[in-house]
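Everything on this sheet refers to the single structure shown next.
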Amino acid sequence: MIAASQLINPLSLQAQTTEQSQRILEIKQSGNYHWGEAFHESREQALSLARQDLIERIVVFVISDSEVRVSENEEELRSEVQMRSRTLSRMELRGAGHIEVQRRDGSWRTTAYISRADFARTLELEAGRLRSMLAQAEMAESLGNFNGAMLLWLEVLAATTFFPEPVFVTAFGSDAPVEARLLSRERILRLMNEADIRVSGVRNRSSGDSIEMYLDLEIRFGNQPAEMLETGIDRRGAGAHPVVNGRTSLYIDQPRTSALEELVLRISPSPGSSLPEEIADALLRIRPETRRSVTADWRPALSLDIETVALSNGRVRLIPNTQNLSVFSVRWTIDGRSTTESTPVVTFQPGSDTAEVSLHLNNDEHLTTHKSLHRSGRISPLSERRPTPPATAGRSPRPETAPTPAPARSTASESAIVTALLDELLRIRIGDQFISRLNGLQQEGRLIVGNRTDMPDASLSYFAVINPVNRRVEAVLGPALNGARTRLPGTTTFTETEIPERFRNMGTVWFHFTE
């Protein structure tokens with residue numbers, strides 16, 4: 001049996017090939033067509049590559065024929081060609097055709113083409129679709145569907161930015177034509193600038209040296225929770241956070257220096273999964289961006305308190321407790337008298353039991369706490385302050401300006417009780433808890449707490465090193481032996497001259513066992 005293909009005259013095949021070649025030559029030379037060409041062993045792949053080449057040639061032709069470009073340098077121009085090619089790929093090229101010629105080696109040569117007249121009609125149909133989308137966006141906004149309007153404006157912006165030619169529309173309320181690309185961009189910016197942005201809360205999740213704070217925001221378009229936005233703090237390196245159902249949380253990794261702070265936000269559209277991937281990619285290059293300001297009240301997230309260490313002879317040391325707060329300046333007010341010492345000592349005169357103390361940070365009226373201080377070291381709100389007896393009203397406590405004589409010498413005993421107390425203290429790593437425990441032991445009469453000059457014999461005394469920023473106990477050093485102190489627990493030693501350099505900018509609390 002003879003196959004049907006064997007009955008075809010080879011001369012007719014050759015004539016058909018010649019006719020196709022002439023047609024291809026006419027398309028290429030007439031100047032009336034856009035065309036692209038590809039060669040491949042696979043017939044389907046040759047057609048796909050030819051269509052892709054056609055689109056890229058159209059884009060290059062349009063860019064070279066236009067005085068307006070989105071990009072300037074060569075690398076960005078290549079990216080622009082890719083974006084414009086994607087825009088054309090989404091269009092239905094009406095009137096496009098292709099010619100396939102199988103070569104002697106079995107591979108395929110495919111030429112894809114479209115007449116310039118058909119291409120112009122394709123652009124006009126696509127421009128009409130974009131104008132219709134803008135009208136839908138205007139209608140959606142008028143009905144309060146701002147998120148729907150935003151979605152349409154974003155798609156029009158991406159399409160018209162890389163469209164082969166400008167698309168003009170007549171904006172509502174105006175008879176003058178305006179470019180659709182500029183109109184959609186203006187509408188997006190207007191919506192972001194008119195959005196209602198409110199701080200809904202602040203949170204502090206910091207731990208130790210790690211600063212982790214959050215600013216919670218609510219963003220609305222009119223009465224509608226905003227979508228398709230992302231926002232972040234306007235500073236270098238700050239990330240952007242998506243807005244979901246009108247809410248977002250901004251991560252803050254730097255300490256705050258003011259209780260009330262005006263922050264500038266960077267806001268831009270974020271199409272996410274609402275638009276096709278190629279449109280979303282295009283928007284990342286061209287999306288508009290705006291800045292908005294909000295005022296954050298960090299006081300609910302900032303701990304501000306006063307710790308005390310009760311010393312001897314009616315003296316109390318004041319210590320600021322300011323977790324994760326950059327403190328540029330500290331000022332105390334003690335019964336009306338001001339001092340800038342970081343940890344002043346209050347000396348109560350005979351017959352005086354209470355004092356009014358205030359801690360001011362960074363000269364910020366909002367970073368201030370007022371307390372009532374008892375000579376025992378107890379701190380309470382001002383409302384709990386007991387009135388000073390009239391007979392001693394003029395004898396108020398004062399900040400200490402000179403050290404008082406040290407109490408009688410007490411020999412540190414390496415008894416089992418001291419060892420047990422040391423073991424207990426060494427397990428405490430939080431400075432405030434450490435100081436509180438020392439306070440309690442002093443009230444029990446087991447040790448003396450204060451600074452170096454308060455110790456009966458500094459060489460036989462211990463001291464703890466506390467980081468003033470994160471309030472952690474960095475080290476506990478034992479009594480001096482041959483001019484060196486041992487870091488407890490362990491065997492690491494530091495000479496008396498090495499200690500100030502090793503623990504620079506750290507606070508110290510000294511204690512001497514009386515057991």
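Ligands are numbered from 1 in the order shown, residues from 1 within each chain, and chains are lettered A, B, ... in the order they appear in the structure tokens.
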
Near range 37-42 of chain A, 10 Å: range 83-152 of chain A residue rows, closest pairs, only C-alpha atoms, as JSON lines:
```
{"residue": "A:His98", "atom": "CA", "partner": "A:Glu37", "partner_atom": "CA", "distance": 9.3}
{"residue": "A:Ile99", "atom": "CA", "partner": "A:Glu37", "partner_atom": "CA", "distance": 9.5}
{"residue": "A:Glu100", "atom": "CA", "partner": "A:Phe39", "partner_atom": "CA", "distance": 9.8}
{"residue": "A:Val101", "atom": "CA", "partner": "A:Phe39", "partner_atom": "CA", "distance": 9.6}
{"residue": "A:Gln102", "atom": "CA", "partner": "A:Glu41", "partner_atom": "CA", "distance": 9.3}
{"residue": "A:Arg103", "atom": "CA", "partner": "A:Phe39", "partner_atom": "CA", "distance": 9.6}
{"residue": "A:Asp105", "atom": "CA", "partner": "A:Glu41", "partner_atom": "CA", "distance": 8.8}
{"residue": "A:Gly106", "atom": "CA", "partner": "A:Glu41", "partner_atom": "CA", "distance": 6.9}
{"residue": "A:Ser107", "atom": "CA", "partner": "A:Glu41", "partner_atom": "CA", "distance": 4.1}
{"residue": "A:Trp108", "atom": "CA", "partner": "A:His40", "partner_atom": "CA", "distance": 5.4}
{"residue": "A:Arg109", "atom": "CA", "partner": "A:Phe39", "partner_atom": "CA", "distance": 4.6}
{"residue": "A:Thr110", "atom": "CA", "partner": "A:Ala38", "partner_atom": "CA", "distance": 5.5}
{"residue": "A:Thr111", "atom": "CA", "partner": "A:Glu37", "partner_atom": "CA", "distance": 4.4}
{"residue": "A:Ala112", "atom": "CA", "partner": "A:Glu37", "partner_atom": "CA", "distance": 6.2}
{"residue": "A:Tyr113", "atom": "CA", "partner": "A:Glu37", "partner_atom": "CA", "distance": 8.7}
```

What's the 6 Å shell around range 470-484 of chain A, counting only C-alpha atoms, without same-chain residues fewer than 6 positions away, as a ChimeraX atom specification? /A:208-209,429-431,459-464,494-496

Those same residues - C-alpha atoms - I'd like them written as an mmCIF file, in the first residue's frame.
```cif
data_model
loop_
_atom_site.group_PDB
_atom_site.id
_atom_site.type_symbol
_atom_site.label_atom_id
_atom_site.label_comp_id
_atom_site.auth_asym_id
_atom_site.auth_seq_id
_atom_site.Cartn_x
_atom_site.Cartn_y
_atom_site.Cartn_z
ATOM 1 C CA GLY A 208 18.318 41.635 77.432
ATOM 2 C CA ASP A 209 20.411 43.321 74.749
ATOM 3 C CA ARG A 429 21.497 37.741 86.627
ATOM 4 C CA ILE A 430 19.021 40.632 86.551
ATOM 5 C CA GLY A 431 20.481 43.752 88.137
ATOM 6 C CA SER A 459 39.943 45.021 99.943
ATOM 7 C CA LEU A 460 37.781 42.514 101.870
ATOM 8 C CA SER A 461 34.537 43.504 100.139
ATOM 9 C CA TYR A 462 32.758 42.238 97.011
ATOM 10 C CA PHE A 463 31.203 44.242 94.206
ATOM 11 C CA ALA A 464 28.785 43.512 91.357
ATOM 12 C CA PHE A 494 41.773 41.042 87.140
ATOM 13 C CA THR A 495 44.266 43.400 88.700
ATOM 14 C CA GLU A 496 42.973 46.549 90.368
#
```

Which residue out of A:Ile279, A:Leu260, A:Ala176, A:Leu441 has the minimum interatomic distance to Val156 in chain A when only C-alpha atoms are used? A:Ile279

Just want the 7 Å neighbourhood of Thr122 in chain A, counted on only C-alpha atoms, with same-chain residues fewer than 3 positions away dropped. Output as an mmCIF file with C-alpha atoms, in the first residue's frame.
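For reference, result_28.cif as written:
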```cif
data_model
loop_
_atom_site.group_PDB
_atom_site.id
_atom_site.type_symbol
_atom_site.label_atom_id
_atom_site.label_comp_id
_atom_site.auth_asym_id
_atom_site.auth_seq_id
_atom_site.Cartn_x
_atom_site.Cartn_y
_atom_site.Cartn_z
ATOM 1 C CA LEU A 93 -2.575 40.536 18.341
ATOM 2 C CA ARG A 94 -5.507 40.581 15.956
ATOM 3 C CA ASP A 118 -3.616 45.493 12.262
ATOM 4 C CA PHE A 119 -1.202 46.327 15.058
ATOM 5 C CA LEU A 125 -8.777 48.095 21.176
ATOM 6 C CA GLU A 126 -6.417 47.649 24.136
#
```

From the options A:Ala137, A:Ile306, A:Ile319, A:Val167, which residue's atoms come nearest to His370 in chain A, counting only C-alpha atoms?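 Closest residue, counting only C-alpha atoms: A:Ile306.
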
From range 171-358 of chain A, collect each residue whose DSSP state is alpha helix (DSSP H) and return the set as a list in words.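 Filtering range 171-358 of chain A to alpha helix (DSSP H) leaves Ala180, Arg181, Leu182, Leu183, Ser184, Arg185, Glu186, Arg187, Ile188, Leu189, Arg190, Leu191, Met192, Asn193, Glu194, Glu277, Glu278, Ile279, Ala280, Asp281, Ala282, Leu283, Leu284, Arg285 and Ile286 of chain A.
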
Per-residue nearest contacts of range 283-326 of chain A to range 336-360 of chain A (12 Å; only C-alpha atoms) as JSON lines:
```
{"residue": "A:Leu304", "atom": "CA", "partner": "A:Leu359", "partner_atom": "CA", "distance": 8.8}
{"residue": "A:Asp305", "atom": "CA", "partner": "A:Leu359", "partner_atom": "CA", "distance": 8.2}
{"residue": "A:Ile306", "atom": "CA", "partner": "A:Leu359", "partner_atom": "CA", "distance": 7.5}
{"residue": "A:Glu307", "atom": "CA", "partner": "A:Thr343", "partner_atom": "CA", "distance": 9.8}
{"residue": "A:Thr308", "atom": "CA", "partner": "A:Thr343", "partner_atom": "CA", "distance": 9.3}
{"residue": "A:Val309", "atom": "CA", "partner": "A:Val345", "partner_atom": "CA", "distance": 9.1}
{"residue": "A:Ala310", "atom": "CA", "partner": "A:Val345", "partner_atom": "CA", "distance": 9.4}
{"residue": "A:Leu311", "atom": "CA", "partner": "A:Val345", "partner_atom": "CA", "distance": 8.8}
{"residue": "A:Ser312", "atom": "CA", "partner": "A:Thr347", "partner_atom": "CA", "distance": 9.6}
{"residue": "A:Asn313", "atom": "CA", "partner": "A:Thr347", "partner_atom": "CA", "distance": 8.0}
{"residue": "A:Gly314", "atom": "CA", "partner": "A:Phe348", "partner_atom": "CA", "distance": 5.2}
{"residue": "A:Arg315", "atom": "CA", "partner": "A:Thr347", "partner_atom": "CA", "distance": 4.4}
{"residue": "A:Val316", "atom": "CA", "partner": "A:Val346", "partner_atom": "CA", "distance": 5.2}
{"residue": "A:Arg317", "atom": "CA", "partner": "A:Val345", "partner_atom": "CA", "distance": 4.2}
{"residue": "A:Leu318", "atom": "CA", "partner": "A:Thr343", "partner_atom": "CA", "distance": 5.2}
{"residue": "A:Ile319", "atom": "CA", "partner": "A:Thr343", "partner_atom": "CA", "distance": 5.0}
{"residue": "A:Pro320", "atom": "CA", "partner": "A:Thr343", "partner_atom": "CA", "distance": 7.2}
{"residue": "A:Asn321", "atom": "CA", "partner": "A:Leu359", "partner_atom": "CA", "distance": 9.8}
{"residue": "A:Thr322", "atom": "CA", "partner": "A:Leu359", "partner_atom": "CA", "distance": 10.5}
```

Nearest-residue call for Met150 in chain A, choices A:Pro489, A:Gly450, A:Pro269, A:Pro456, using only C-alpha atoms: A:Pro269

Find the residues near Leu54 in chain A: any atom within 10 Å, counting only C-alpha atoms, skip ones fewer than 3 places away on the same chain, and give them as a count of residues only. 17

Using DSSP secondary structure from the backbone, list all strand (DSSP E or B) positions within range 185-305 of chain A, as JSON, numbers by chain. {"A": [196, 197, 198, 199, 200, 201, 202, 203, 204, 207, 210, 213, 214, 215, 216, 217, 218, 219, 220, 221, 224, 225, 229, 230, 231, 232, 233, 241, 242, 244, 247, 248, 249, 250, 251, 252, 256, 260, 261, 262, 263, 264, 265, 266, 267, 268, 269, 290, 291, 292, 293, 294, 295, 296, 297, 305]}

What's around range 286-296 of chain A at 9 Å? Count only C-alpha atoms, leave out sequence neighbours fewer than 4 positions away in its own chain, and write the answer as a ChimeraX atom specification. /A:154,157-158,161,185-186,188-189,192-193,197-199,201-202,215,234,259-270,282

Please produce an output containing N, CA and C atoms for each residue in the selection, written as a CSV table (one decimal), in the first residue's frame.
```csv
chain,number,residue,atom,x,y,z
A,154,LEU,N,-3.9,50.4,39.8
A,154,LEU,CA,-2.6,49.8,39.7
A,154,LEU,C,-2.4,49.0,38.4
A,157,LEU,N,-1.9,51.5,35.6
A,157,LEU,CA,-0.6,52.2,35.7
A,157,LEU,C,0.5,51.3,35.1
A,158,ALA,N,0.5,50.0,35.5
A,158,ALA,CA,1.5,49.0,35.0
A,158,ALA,C,1.3,48.9,33.5
A,161,THR,N,2.3,52.4,31.5
A,161,THR,CA,3.7,52.8,31.6
A,161,THR,C,4.5,52.1,30.5
A,185,ARG,N,-1.6,57.2,38.3
A,185,ARG,CA,-0.6,57.5,39.3
A,185,ARG,C,-1.1,58.6,40.3
A,186,GLU,N,-1.7,59.6,39.8
A,186,GLU,CA,-2.2,60.7,40.7
A,186,GLU,C,-3.3,60.2,41.6
A,188,ILE,N,-3.7,57.1,42.7
A,188,ILE,CA,-3.1,56.2,43.7
A,188,ILE,C,-2.5,57.0,44.8
A,189,LEU,N,-1.7,58.1,44.4
A,189,LEU,CA,-1.1,58.9,45.4
A,189,LEU,C,-2.1,59.6,46.3
A,192,MET,N,-3.5,57.3,48.9
A,192,MET,CA,-2.6,57.0,50.0
A,192,MET,C,-2.4,58.3,50.9
A,193,ASN,N,-2.5,59.4,50.3
A,193,ASN,CA,-2.3,60.7,51.1
A,193,ASN,C,-3.5,61.0,51.9
A,197,ILE,N,-4.7,57.2,59.0
A,197,ILE,CA,-3.7,56.4,59.7
A,197,ILE,C,-3.7,56.7,61.2
A,198,ARG,N,-3.8,55.7,62.0
A,198,ARG,CA,-3.9,55.9,63.4
A,198,ARG,C,-3.1,54.8,64.1
A,199,VAL,N,-2.3,55.3,65.2
A,199,VAL,CA,-1.5,54.4,66.0
A,199,VAL,C,-2.5,53.7,67.0
A,201,GLY,N,-1.6,51.1,69.0
A,201,GLY,CA,-0.9,50.6,70.2
A,201,GLY,C,0.6,50.5,70.0
A,202,VAL,N,1.3,50.3,71.1
A,202,VAL,CA,2.8,50.0,71.1
A,202,VAL,C,3.1,48.8,72.0
A,215,LEU,N,5.1,49.0,66.6
A,215,LEU,CA,4.2,50.1,66.5
A,215,LEU,C,3.0,49.6,65.7
A,234,ASP,N,10.5,55.5,57.7
A,234,ASP,CA,11.3,56.1,56.6
A,234,ASP,C,12.7,56.3,57.1
A,259,ALA,N,9.4,59.9,74.7
A,259,ALA,CA,8.2,59.3,75.0
A,259,ALA,C,7.1,59.5,73.9
A,260,LEU,N,7.0,60.8,73.5
A,260,LEU,CA,6.2,61.2,72.4
A,260,LEU,C,7.1,61.5,71.2
A,261,GLU,N,6.9,60.7,70.1
A,261,GLU,CA,7.8,60.8,69.0
A,261,GLU,C,7.0,60.9,67.7
A,262,GLU,N,7.4,61.8,66.8
A,262,GLU,CA,6.8,61.9,65.5
A,262,GLU,C,7.6,61.0,64.5
A,263,LEU,N,7.0,60.1,63.9
A,263,LEU,CA,7.6,59.2,63.0
A,263,LEU,C,7.1,59.4,61.6
A,264,VAL,N,8.1,59.3,60.6
A,264,VAL,CA,7.7,59.5,59.2
A,264,VAL,C,7.6,58.1,58.6
A,265,LEU,N,6.5,57.8,58.0
A,265,LEU,CA,6.2,56.5,57.4
A,265,LEU,C,6.4,56.6,55.9
A,266,ARG,N,6.9,55.5,55.3
A,266,ARG,CA,7.0,55.4,53.9
A,266,ARG,C,5.9,54.4,53.4
A,267,ILE,N,5.0,54.9,52.6
A,267,ILE,CA,3.8,54.1,52.2
A,267,ILE,C,3.8,53.9,50.6
A,268,SER,N,3.6,52.7,50.2
A,268,SER,CA,3.5,52.4,48.8
A,268,SER,C,2.5,51.3,48.5
A,269,PRO,N,2.0,51.2,47.3
A,269,PRO,CA,1.1,50.1,46.9
A,269,PRO,C,1.8,48.7,47.0
A,270,SER,N,1.0,47.7,47.3
A,270,SER,CA,1.6,46.4,47.3
A,270,SER,C,0.5,45.5,46.7
A,282,ALA,N,6.1,44.4,37.3
A,282,ALA,CA,6.2,45.8,36.7
A,282,ALA,C,6.0,46.9,37.7
```

List the spatial neighbours of Glu444 in chain A as a list in words - criterion: any atom at most 12 Å away, only C-alpha atoms, same-chain residues fewer than 3 positions off excluded.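 Those residues are Ala310, Arg437, Leu438, Asn439, Gly440, Leu441, Leu447, Ile448, Val449, Phe513, Thr514 and Glu515 of chain A.
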
Quick one: pull the distance between CA of His374 in chain A and CA of Pro300 in chain A, Å, one decimal.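 About the pair CA of His374 in chain A and CA of Pro300 in chain A: they are 26.8 Å apart.
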
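Residue neighbourhood of Leu250 in chain A, excluding near-sequence residues (fewer than 3 positions): A:Tyr214, A:Leu215, A:Asp216, A:Gly232, A:His241, at 7 Å, using only C-alpha atoms.
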
I'd like the interatomic distance between CA of Glu155 in chain A and CA of Leu130 in chain A, to a tenth of an Å. 8.9 Å

If you measure from CA of Asn223 in chain A to CA of Leu152 in chain A, what distance in Å do you get, rounded to one decimal? 19.2 Å
